[in-house]
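K.L.:
Before I ask anything, here is the structure I am working with.
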Amino acid sequence: MRRRAALALAAGLPACAFAQAEVPLRQQARQAGRGFGAAIRSEILAIDPVYAALYAAEAEILTPEWEAKWEALQPEEGRFDHTALNQIIAFAQQHQQRLRGHALIWHQAMPPWLTTALEEGPARARGVLEAHLNAVLPATRATIRDWDVVNEPIANPPGSDNPQPGNESMRQSPWFRALGRDYVEIALRHARALDPTLRLTINEYGVEEATPDAATKRTRLLGLLRHLLDRGCPLDAVGIQAHLQLRRPFEAEPFARFVAELREMGLAVLITELDIREADALPTGLAARDAAVAARAAQFVSAAIGAGCRTVLCWGLSDRDSWLAKEPAVARADGVVTRGLPFDDTLRRKPMWDALARAMR
Ligand code: G3I
């Protein structure tokens, strides 16, 4: 540290400039009264000590990437399996980390038995919904105090996949088909009935950028939230996933206005899954690519924090383990690995790390 401070002074910078470069993101965020974290995967945690050390140092908050989803927790009806989730919980307890639960009610990560049950009428659907929460929330009550109770309830513009008049805003998920729009309220009210102090969150994507579709999705989400709050439905927070894309424009002003509107509704706002997909036509060289990703990260996180966000999580820490590198739907056709997270595929810091550190301070 002293050598770096001497370097800073020699470079005419305040010593703290280099000193901050040593301080992990979780500490820099905490020093500014904010929480930084990332999604984590138990199967890598179990075999990769460098991965484990990186998460212990850099993340104050952890989101199990798949271990708290329905297909992991209740693979067959009535059989619950917290094995993988408990590995993450034990790690978090060892490193004074908080956990976000993700996600109780979602249209993905559904085991086949659940898909079938949701086609067997509203009473059956409500029964399996309540039984899942009745089992999962008490079992995790001591260690998970913030859940994405409903994930991605809004229909993606343009248009809507929901033909029901008046329900164009709602994604036509198996939950919607079984219970109508009320499935959101049923889940939130049941979670609150089980746990009076759990933070209840609705998590959504595609509401960040300066495009007509994102503007429409913001309006649709605000409409659902107002509907819920007007009915006295318990809800504490909104998670903005922030899977950003450099091919799309971002403007701080409309996004900050959206966050401010959520805050005015009495809701906390979290950035829950930040990563940045590079444009199709990549600039040559890693330096230019990493600089473009870092610039978008700085612009977005500064706007979010300026508008009142106090929690920022990335969807993973390193490009190596990112869904952007593997998921066929989003991986690059040319096989080039998107560099959309703060650490590269050898788990070394990138310019995005510095951008996040500066934005969160
Ligand atoms: O279920 C198996 C488990 O039995 C096995 O032990 C484990 C380790 O190999 O793999 C598990 O399977 C896959 C899991 O990722 C872990 O790799 C699932 O088949 C696969 O569907 C799952 O994909 C996840 C996807 O959500 C669906 O759950 C991705 O990792 C995850 O990045 C992605 O994350 C979503 C958020 O939840 C919501 N927002 C969008 C985001 C990206 O799609």
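Here, A, B, ... name the chains of the structure tokens in the order displayed, residue numbers run from 1 inside each chain, and ligands are numbered from 1 in the same displayed order.
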Neighbouring residues of ligand 1 are defined here as those with any atom at most 8 Å from a ligand atom, counting only C-alpha atoms and all ligand atoms; list them as a list of chain:residue names.

P.N.:
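My answer, listing the contacting residues, is A:Arg41, A:Ser42, A:Glu43, A:Glu65, A:Trp66, A:Glu67, A:Lys69, A:Glu71, A:Ala72, A:Ala84, A:His102, A:Ala103, A:Gln108, A:Ala109, A:Asn151, A:Glu152, A:Glu204, A:Tyr205, A:Gln241, A:His243, A:Glu273, A:Trp315, A:Ser322, A:Trp323, A:Glu327.
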
K.L.:
Write out as a PyMOL selection string the residues lying within 10 Å of Trp175 in chain A, counting only C-alpha atoms and excluding same-chain residues fewer than 2 positions away.

P.N.:
chain A and resi 105-107+115+118-119+122+125-126+129+153+171-173+177-184

K.L.:
Keeping only N, CA, C and O atoms, write the selected residues as a PDB file, in the first residue's frame.

P.N.:
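Once written, selection-v8.pdb looks like this:
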ATOM      1  N   ILE A 105     -41.611 -17.099  -7.601  1.00  0.00           N
ATOM      2  CA  ILE A 105     -42.604 -17.342  -8.665  1.00  0.00           C
ATOM      3  C   ILE A 105     -42.064 -16.799  -9.982  1.00  0.00           C
ATOM      4  O   ILE A 105     -41.829 -15.590 -10.121  1.00  0.00           O
ATOM      5  N   TRP A 106     -41.843 -17.684 -10.950  1.00  0.00           N
ATOM      6  CA  TRP A 106     -41.239 -17.303 -12.235  1.00  0.00           C
ATOM      7  C   TRP A 106     -41.742 -18.266 -13.309  1.00  0.00           C
ATOM      8  O   TRP A 106     -42.145 -19.401 -13.005  1.00  0.00           O
ATOM      9  N   HIS A 107     -41.695 -17.877 -14.553  1.00  0.00           N
ATOM     10  CA  HIS A 107     -42.168 -18.756 -15.629  1.00  0.00           C
ATOM     11  C   HIS A 107     -41.037 -19.619 -16.193  1.00  0.00           C
ATOM     12  O   HIS A 107     -41.244 -20.426 -17.087  1.00  0.00           O
ATOM     13  N   THR A 115     -45.419 -27.347 -14.113  1.00  0.00           N
ATOM     14  CA  THR A 115     -46.093 -26.921 -15.344  1.00  0.00           C
ATOM     15  C   THR A 115     -47.435 -27.639 -15.479  1.00  0.00           C
ATOM     16  O   THR A 115     -48.460 -27.018 -15.776  1.00  0.00           O
ATOM     17  N   LEU A 118     -50.078 -26.363 -12.916  1.00  0.00           N
ATOM     18  CA  LEU A 118     -50.656 -25.046 -13.243  1.00  0.00           C
ATOM     19  C   LEU A 118     -51.720 -25.144 -14.331  1.00  0.00           C
ATOM     20  O   LEU A 118     -52.459 -24.191 -14.577  1.00  0.00           O
ATOM     21  N   GLU A 119     -51.786 -26.305 -14.991  1.00  0.00           N
ATOM     22  CA  GLU A 119     -52.833 -26.483 -16.014  1.00  0.00           C
ATOM     23  C   GLU A 119     -54.073 -27.160 -15.424  1.00  0.00           C
ATOM     24  O   GLU A 119     -55.037 -27.419 -16.133  1.00  0.00           O
ATOM     25  N   PRO A 122     -57.303 -23.133 -11.101  1.00  0.00           N
ATOM     26  CA  PRO A 122     -56.826 -22.117 -10.156  1.00  0.00           C
ATOM     27  C   PRO A 122     -56.635 -22.644  -8.737  1.00  0.00           C
ATOM     28  O   PRO A 122     -55.665 -22.282  -8.072  1.00  0.00           O
ATOM     29  N   ALA A 125     -53.384 -24.482  -8.678  1.00  0.00           N
ATOM     30  CA  ALA A 125     -52.276 -23.535  -8.841  1.00  0.00           C
ATOM     31  C   ALA A 125     -52.008 -22.799  -7.534  1.00  0.00           C
ATOM     32  O   ALA A 125     -50.864 -22.688  -7.073  1.00  0.00           O
ATOM     33  N   ARG A 126     -53.067 -22.310  -6.910  1.00  0.00           N
ATOM     34  CA  ARG A 126     -52.907 -21.590  -5.655  1.00  0.00           C
ATOM     35  C   ARG A 126     -52.347 -22.520  -4.585  1.00  0.00           C
ATOM     36  O   ARG A 126     -51.486 -22.143  -3.783  1.00  0.00           O
ATOM     37  N   LEU A 129     -48.609 -22.995  -5.169  1.00  0.00           N
ATOM     38  CA  LEU A 129     -47.916 -21.723  -4.860  1.00  0.00           C
ATOM     39  C   LEU A 129     -47.745 -21.591  -3.350  1.00  0.00           C
ATOM     40  O   LEU A 129     -46.637 -21.385  -2.840  1.00  0.00           O
ATOM     41  N   PRO A 153     -42.904 -10.392 -14.375  1.00  0.00           N
ATOM     42  CA  PRO A 153     -44.352 -10.518 -14.625  1.00  0.00           C
ATOM     43  C   PRO A 153     -44.864  -9.734 -15.834  1.00  0.00           C
ATOM     44  O   PRO A 153     -45.991  -9.964 -16.264  1.00  0.00           O
ATOM     45  N   ARG A 171     -47.334 -10.458 -18.726  1.00  0.00           N
ATOM     46  CA  ARG A 171     -46.804 -11.603 -19.494  1.00  0.00           C
ATOM     47  C   ARG A 171     -47.778 -12.758 -19.342  1.00  0.00           C
ATOM     48  O   ARG A 171     -48.277 -13.016 -18.233  1.00  0.00           O
ATOM     49  N   GLN A 172     -48.046 -13.466 -20.457  1.00  0.00           N
ATOM     50  CA  GLN A 172     -48.998 -14.583 -20.349  1.00  0.00           C
ATOM     51  C   GLN A 172     -48.243 -15.832 -19.887  1.00  0.00           C
ATOM     52  O   GLN A 172     -48.110 -16.805 -20.602  1.00  0.00           O
ATOM     53  N   SER A 173     -47.774 -15.787 -18.655  1.00  0.00           N
ATOM     54  CA  SER A 173     -46.995 -16.903 -18.087  1.00  0.00           C
ATOM     55  C   SER A 173     -47.949 -18.005 -17.633  1.00  0.00           C
ATOM     56  O   SER A 173     -49.166 -17.774 -17.505  1.00  0.00           O
ATOM     57  N   ARG A 177     -51.875 -17.620 -16.704  1.00  0.00           N
ATOM     58  CA  ARG A 177     -52.953 -18.447 -17.291  1.00  0.00           C
ATOM     59  C   ARG A 177     -53.740 -19.170 -16.202  1.00  0.00           C
ATOM     60  O   ARG A 177     -54.952 -19.349 -16.300  1.00  0.00           O
ATOM     61  N   ALA A 178     -53.085 -19.536 -15.124  1.00  0.00           N
ATOM     62  CA  ALA A 178     -53.772 -20.304 -14.062  1.00  0.00           C
ATOM     63  C   ALA A 178     -54.599 -19.414 -13.147  1.00  0.00           C
ATOM     64  O   ALA A 178     -55.705 -19.767 -12.740  1.00  0.00           O
ATOM     65  N   LEU A 179     -54.063 -18.206 -12.828  1.00  0.00           N
ATOM     66  CA  LEU A 179     -54.692 -17.401 -11.772  1.00  0.00           C
ATOM     67  C   LEU A 179     -55.021 -15.974 -12.198  1.00  0.00           C
ATOM     68  O   LEU A 179     -55.503 -15.179 -11.384  1.00  0.00           O
ATOM     69  N   GLY A 180     -54.707 -15.609 -13.465  1.00  0.00           N
ATOM     70  CA  GLY A 180     -54.918 -14.223 -13.874  1.00  0.00           C
ATOM     71  C   GLY A 180     -53.890 -13.305 -13.211  1.00  0.00           C
ATOM     72  O   GLY A 180     -52.966 -13.770 -12.525  1.00  0.00           O
ATOM     73  N   ARG A 181     -54.085 -11.973 -13.390  1.00  0.00           N
ATOM     74  CA  ARG A 181     -53.121 -10.998 -12.855  1.00  0.00           C
ATOM     75  C   ARG A 181     -52.967 -11.148 -11.340  1.00  0.00           C
ATOM     76  O   ARG A 181     -51.914 -10.851 -10.780  1.00  0.00           O
ATOM     77  N   ASP A 182     -53.974 -11.684 -10.680  1.00  0.00           N
ATOM     78  CA  ASP A 182     -53.951 -11.750  -9.207  1.00  0.00           C
ATOM     79  C   ASP A 182     -52.857 -12.661  -8.661  1.00  0.00           C
ATOM     80  O   ASP A 182     -52.595 -12.638  -7.449  1.00  0.00           O
ATOM     81  N   TYR A 183     -52.212 -13.467  -9.534  1.00  0.00           N
ATOM     82  CA  TYR A 183     -51.172 -14.383  -9.002  1.00  0.00           C
ATOM     83  C   TYR A 183     -50.077 -13.595  -8.309  1.00  0.00           C
ATOM     84  O   TYR A 183     -49.485 -14.059  -7.319  1.00  0.00           O
ATOM     85  N   VAL A 184     -49.827 -12.361  -8.795  1.00  0.00           N
ATOM     86  CA  VAL A 184     -48.782 -11.531  -8.198  1.00  0.00           C
ATOM     87  C   VAL A 184     -49.182 -11.163  -6.766  1.00  0.00           C
ATOM     88  O   VAL A 184     -48.426 -11.338  -5.806  1.00  0.00           O
TER      89      VAL A 184
END

K.L.:
Could you give me, as a ChimeraX atom specification, the residues within 10 Å of Asp213 in chain A, counting only C-alpha atoms and dropping anything in the same chain fewer than 4 positions from it?

P.N.:
/A:156-159,206-209,217-219

K.L.:
Grab the residues selected above and save them as a tab-separated table (two decimals), in the first residue's frame with N, CA, C and O atoms.

P.N.:
chain	number	residue	atom	x	y	z
A	156	ASN	N	-43.38	-8.44	-22.67
A	156	ASN	CA	-42.35	-7.72	-23.42
A	156	ASN	C	-42.96	-7.00	-24.62
A	156	ASN	O	-43.57	-7.65	-25.48
A	157	PRO	N	-42.75	-5.69	-24.70
A	157	PRO	CA	-43.13	-5.00	-25.94
A	157	PRO	C	-42.15	-5.39	-27.06
A	157	PRO	O	-41.09	-5.96	-26.76
A	158	PRO	N	-42.41	-5.09	-28.34
A	158	PRO	CA	-43.64	-4.44	-28.81
A	158	PRO	C	-44.81	-5.42	-28.74
A	158	PRO	O	-44.62	-6.62	-28.75
A	159	GLY	N	-45.97	-4.83	-28.63
A	159	GLY	CA	-47.17	-5.65	-28.52
A	159	GLY	C	-47.20	-6.35	-27.18
A	159	GLY	O	-46.64	-5.89	-26.19
A	206	GLY	N	-35.44	-5.21	-18.88
A	206	GLY	CA	-35.90	-4.50	-20.08
A	206	GLY	C	-36.54	-3.17	-19.80
A	206	GLY	O	-37.30	-2.66	-20.64
A	207	VAL	N	-36.27	-2.59	-18.64
A	207	VAL	CA	-36.87	-1.29	-18.26
A	207	VAL	C	-35.81	-0.19	-18.13
A	207	VAL	O	-36.05	0.86	-17.54
A	208	GLU	N	-34.61	-0.42	-18.69
A	208	GLU	CA	-33.48	0.47	-18.40
A	208	GLU	C	-33.17	1.46	-19.53
A	208	GLU	O	-32.73	2.58	-19.28
A	209	GLU	N	-33.35	1.05	-20.76
A	209	GLU	CA	-32.70	1.78	-21.84
A	209	GLU	C	-33.60	2.81	-22.51
A	209	GLU	O	-34.81	2.89	-22.21
A	217	LYS	N	-42.32	-0.81	-21.39
A	217	LYS	CA	-42.25	-1.79	-20.30
A	217	LYS	C	-42.20	-1.08	-18.94
A	217	LYS	O	-42.77	-1.57	-17.96
A	218	ARG	N	-41.55	0.10	-18.88
A	218	ARG	CA	-41.55	0.88	-17.65
A	218	ARG	C	-42.99	1.28	-17.29
A	218	ARG	O	-43.42	1.12	-16.15
A	219	THR	N	-43.73	1.74	-18.30
A	219	THR	CA	-45.13	2.16	-18.05
A	219	THR	C	-45.96	0.98	-17.57
A	219	THR	O	-46.74	1.08	-16.61

K.L.:
May I ask which of the residues A:Gln164, A:Asn86, A:Ser302, A:Thr216 is the closest one to Ala139 in chain A, counting only C-alpha atoms?

P.N.:
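Checking each of A:Gln164, A:Asn86, A:Ser302, A:Thr216 against Ala139 in chain A, counting only C-alpha atoms, the winner is A:Asn86.
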
K.L.:
Write out as a ChimeraX atom specification all residues of range 57-195 of chain A that DSSP puts in helix (DSSP H, G or I) for this structure's backbone.

P.N.:
/A:57-58,70-73,83-94,112-117,122-140,174-179,182-194

K.L.:
Where does DSSP see strand (DSSP E or B) in range 73-276 of chain A, if you list the residues as a PyMOL selection string?

P.N.:
chain A and resi 76+79+98-105+144-151+154+170+199-204+237-240+243-245+268-276

K.L.:
Fewer than 2 positions away in the same chain doesn't count, so skip those; otherwise give me all residues within 6 Å of Cys314 in chain A, counting only C-alpha atoms, as an MDAnalysis selection string.

P.N.:
chainID A and resid 38 273:275 316

K.L.:
Could you give me, as a PDB file with all heavy atoms, in the first residue's frame, the residues within 8 Å of Arg199 in chain A, counting only C-alpha atoms and dropping anything in the same chain fewer than 2 positions from it?

P.N.:
ATOM      1  N   ARG A 145     -33.435 -12.588   3.849  1.00  0.00           N
ATOM      2  CA  ARG A 145     -34.399 -11.582   4.298  1.00  0.00           C
ATOM      3  C   ARG A 145     -34.934 -10.725   3.157  1.00  0.00           C
ATOM      4  O   ARG A 145     -35.572  -9.695   3.410  1.00  0.00           O
ATOM      5  CB  ARG A 145     -33.766 -10.663   5.358  1.00  0.00           C
ATOM      6  CG  ARG A 145     -33.202 -11.381   6.565  1.00  0.00           C
ATOM      7  CD  ARG A 145     -34.195 -12.333   7.241  1.00  0.00           C
ATOM      8  NE  ARG A 145     -35.449 -11.701   7.586  1.00  0.00           N
ATOM      9  CZ  ARG A 145     -36.643 -12.286   7.477  1.00  0.00           C
ATOM     10  NH1 ARG A 145     -36.745 -13.511   6.957  1.00  0.00           N
ATOM     11  NH2 ARG A 145     -37.742 -11.654   7.827  1.00  0.00           N
ATOM     12  N   ASP A 146     -34.620 -11.140   1.915  1.00  0.00           N
ATOM     13  CA  ASP A 146     -35.047 -10.355   0.754  1.00  0.00           C
ATOM     14  C   ASP A 146     -35.240 -11.336  -0.398  1.00  0.00           C
ATOM     15  O   ASP A 146     -34.282 -11.983  -0.809  1.00  0.00           O
ATOM     16  CB  ASP A 146     -33.958  -9.318   0.423  1.00  0.00           C
ATOM     17  CG  ASP A 146     -34.194  -8.612  -0.906  1.00  0.00           C
ATOM     18  OD1 ASP A 146     -35.305  -8.716  -1.459  1.00  0.00           O
ATOM     19  OD2 ASP A 146     -33.258  -7.964  -1.405  1.00  0.00           O
ATOM     20  N   TRP A 147     -36.477 -11.488  -0.865  1.00  0.00           N
ATOM     21  CA  TRP A 147     -36.763 -12.436  -1.951  1.00  0.00           C
ATOM     22  C   TRP A 147     -37.345 -11.723  -3.164  1.00  0.00           C
ATOM     23  O   TRP A 147     -38.188 -10.810  -3.010  1.00  0.00           O
ATOM     24  CB  TRP A 147     -37.795 -13.469  -1.491  1.00  0.00           C
ATOM     25  CG  TRP A 147     -37.242 -14.694  -0.820  1.00  0.00           C
ATOM     26  CD1 TRP A 147     -37.082 -14.885   0.530  1.00  0.00           C
ATOM     27  CD2 TRP A 147     -36.795 -15.899  -1.448  1.00  0.00           C
ATOM     28  NE1 TRP A 147     -36.550 -16.137   0.778  1.00  0.00           N
ATOM     29  CE2 TRP A 147     -36.368 -16.781  -0.427  1.00  0.00           C
ATOM     30  CE3 TRP A 147     -36.709 -16.327  -2.785  1.00  0.00           C
ATOM     31  CZ2 TRP A 147     -35.866 -18.067  -0.680  1.00  0.00           C
ATOM     32  CZ3 TRP A 147     -36.215 -17.597  -3.041  1.00  0.00           C
ATOM     33  CH2 TRP A 147     -35.795 -18.458  -2.004  1.00  0.00           C
ATOM     34  N   THR A 197     -41.539  -9.434   8.281  1.00  0.00           N
ATOM     35  CA  THR A 197     -40.447  -8.482   8.029  1.00  0.00           C
ATOM     36  C   THR A 197     -39.613  -8.848   6.799  1.00  0.00           C
ATOM     37  O   THR A 197     -38.599  -8.210   6.541  1.00  0.00           O
ATOM     38  CB  THR A 197     -39.498  -8.419   9.246  1.00  0.00           C
ATOM     39  OG1 THR A 197     -38.949  -9.739   9.438  1.00  0.00           O
ATOM     40  CG2 THR A 197     -40.243  -7.968  10.483  1.00  0.00           C
ATOM     41  N   THR A 201     -39.916  -8.356  -2.997  1.00  0.00           N
ATOM     42  CA  THR A 201     -39.421  -7.660  -4.191  1.00  0.00           C
ATOM     43  C   THR A 201     -40.053  -8.241  -5.452  1.00  0.00           C
ATOM     44  O   THR A 201     -40.258  -9.451  -5.528  1.00  0.00           O
ATOM     45  CB  THR A 201     -37.879  -7.809  -4.272  1.00  0.00           C
ATOM     46  OG1 THR A 201     -37.290  -7.321  -3.067  1.00  0.00           O
ATOM     47  CG2 THR A 201     -37.306  -7.036  -5.462  1.00  0.00           C
ATOM     48  N   LEU A 235     -45.662  -4.871  -0.589  1.00  0.00           N
ATOM     49  CA  LEU A 235     -44.564  -4.877  -1.567  1.00  0.00           C
ATOM     50  C   LEU A 235     -43.540  -3.854  -1.066  1.00  0.00           C
ATOM     51  O   LEU A 235     -43.902  -2.735  -0.736  1.00  0.00           O
ATOM     52  CB  LEU A 235     -45.068  -4.483  -2.964  1.00  0.00           C
ATOM     53  CG  LEU A 235     -43.978  -4.352  -4.037  1.00  0.00           C
ATOM     54  CD1 LEU A 235     -43.348  -5.722  -4.317  1.00  0.00           C
ATOM     55  CD2 LEU A 235     -44.544  -3.756  -5.326  1.00  0.00           C
ATOM     56  N   ASP A 236     -42.259  -4.269  -1.017  1.00  0.00           N
ATOM     57  CA  ASP A 236     -41.254  -3.376  -0.451  1.00  0.00           C
ATOM     58  C   ASP A 236     -40.274  -2.816  -1.472  1.00  0.00           C
ATOM     59  O   ASP A 236     -39.661  -1.774  -1.244  1.00  0.00           O
ATOM     60  CB  ASP A 236     -40.429  -4.135   0.607  1.00  0.00           C
ATOM     61  CG  ASP A 236     -41.325  -4.709   1.691  1.00  0.00           C
ATOM     62  OD1 ASP A 236     -42.102  -3.920   2.291  1.00  0.00           O
ATOM     63  OD2 ASP A 236     -41.316  -5.933   1.903  1.00  0.00           O
ATOM     64  N   ALA A 237     -40.030  -3.569  -2.558  1.00  0.00           N
ATOM     65  CA  ALA A 237     -38.921  -3.166  -3.437  1.00  0.00           C
ATOM     66  C   ALA A 237     -39.139  -3.659  -4.856  1.00  0.00           C
ATOM     67  O   ALA A 237     -39.900  -4.599  -5.105  1.00  0.00           O
ATOM     68  CB  ALA A 237     -37.606  -3.755  -2.893  1.00  0.00           C
TER      69      ALA A 237
END

K.L.:
Can you measure CA of Arg248 in chain A to CA of Asp280 in chain A for me? One decimal in Å is fine.

P.N.:
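Between CA of Arg248 in chain A and CA of Asp280 in chain A the gap is 11.0 Å.
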
K.L.:
Need the shell around Trp70 in chain A: protein/DNA/RNA residues with any atom at most 7 Å away, counting only C-alpha atoms. Skip same-chain ones fewer than 2 positions apart. Format as a PyMOL selection string?

P.N.:
chain A and resi 68+72-74+104+109-110

K.L.:
Hey, can you check how far CA of Ala57 in chain A sits from CA of Pro24 in chain A?

P.N.:
6.2 Å

K.L.:
What are the closest atom pairs, with distances in Å to one decimal, for all residues of range 44-108 of chain A lying within 12 Å of range 331-343 of chain A? Consider only C-alpha atoms, order rows by chain and residue number, and present the result as JSON lines.

P.N.:
{"residue": "A:Tyr51", "atom": "CA", "partner": "A:Phe343", "partner_atom": "CA", "distance": 10.8}
{"residue": "A:Leu54", "atom": "CA", "partner": "A:Phe343", "partner_atom": "CA", "distance": 9.6}
{"residue": "A:Tyr55", "atom": "CA", "partner": "A:Phe343", "partner_atom": "CA", "distance": 11.1}
{"residue": "A:Glu58", "atom": "CA", "partner": "A:Pro342", "partner_atom": "CA", "distance": 10.4}
{"residue": "A:Ala59", "atom": "CA", "partner": "A:Pro342", "partner_atom": "CA", "distance": 11.8}
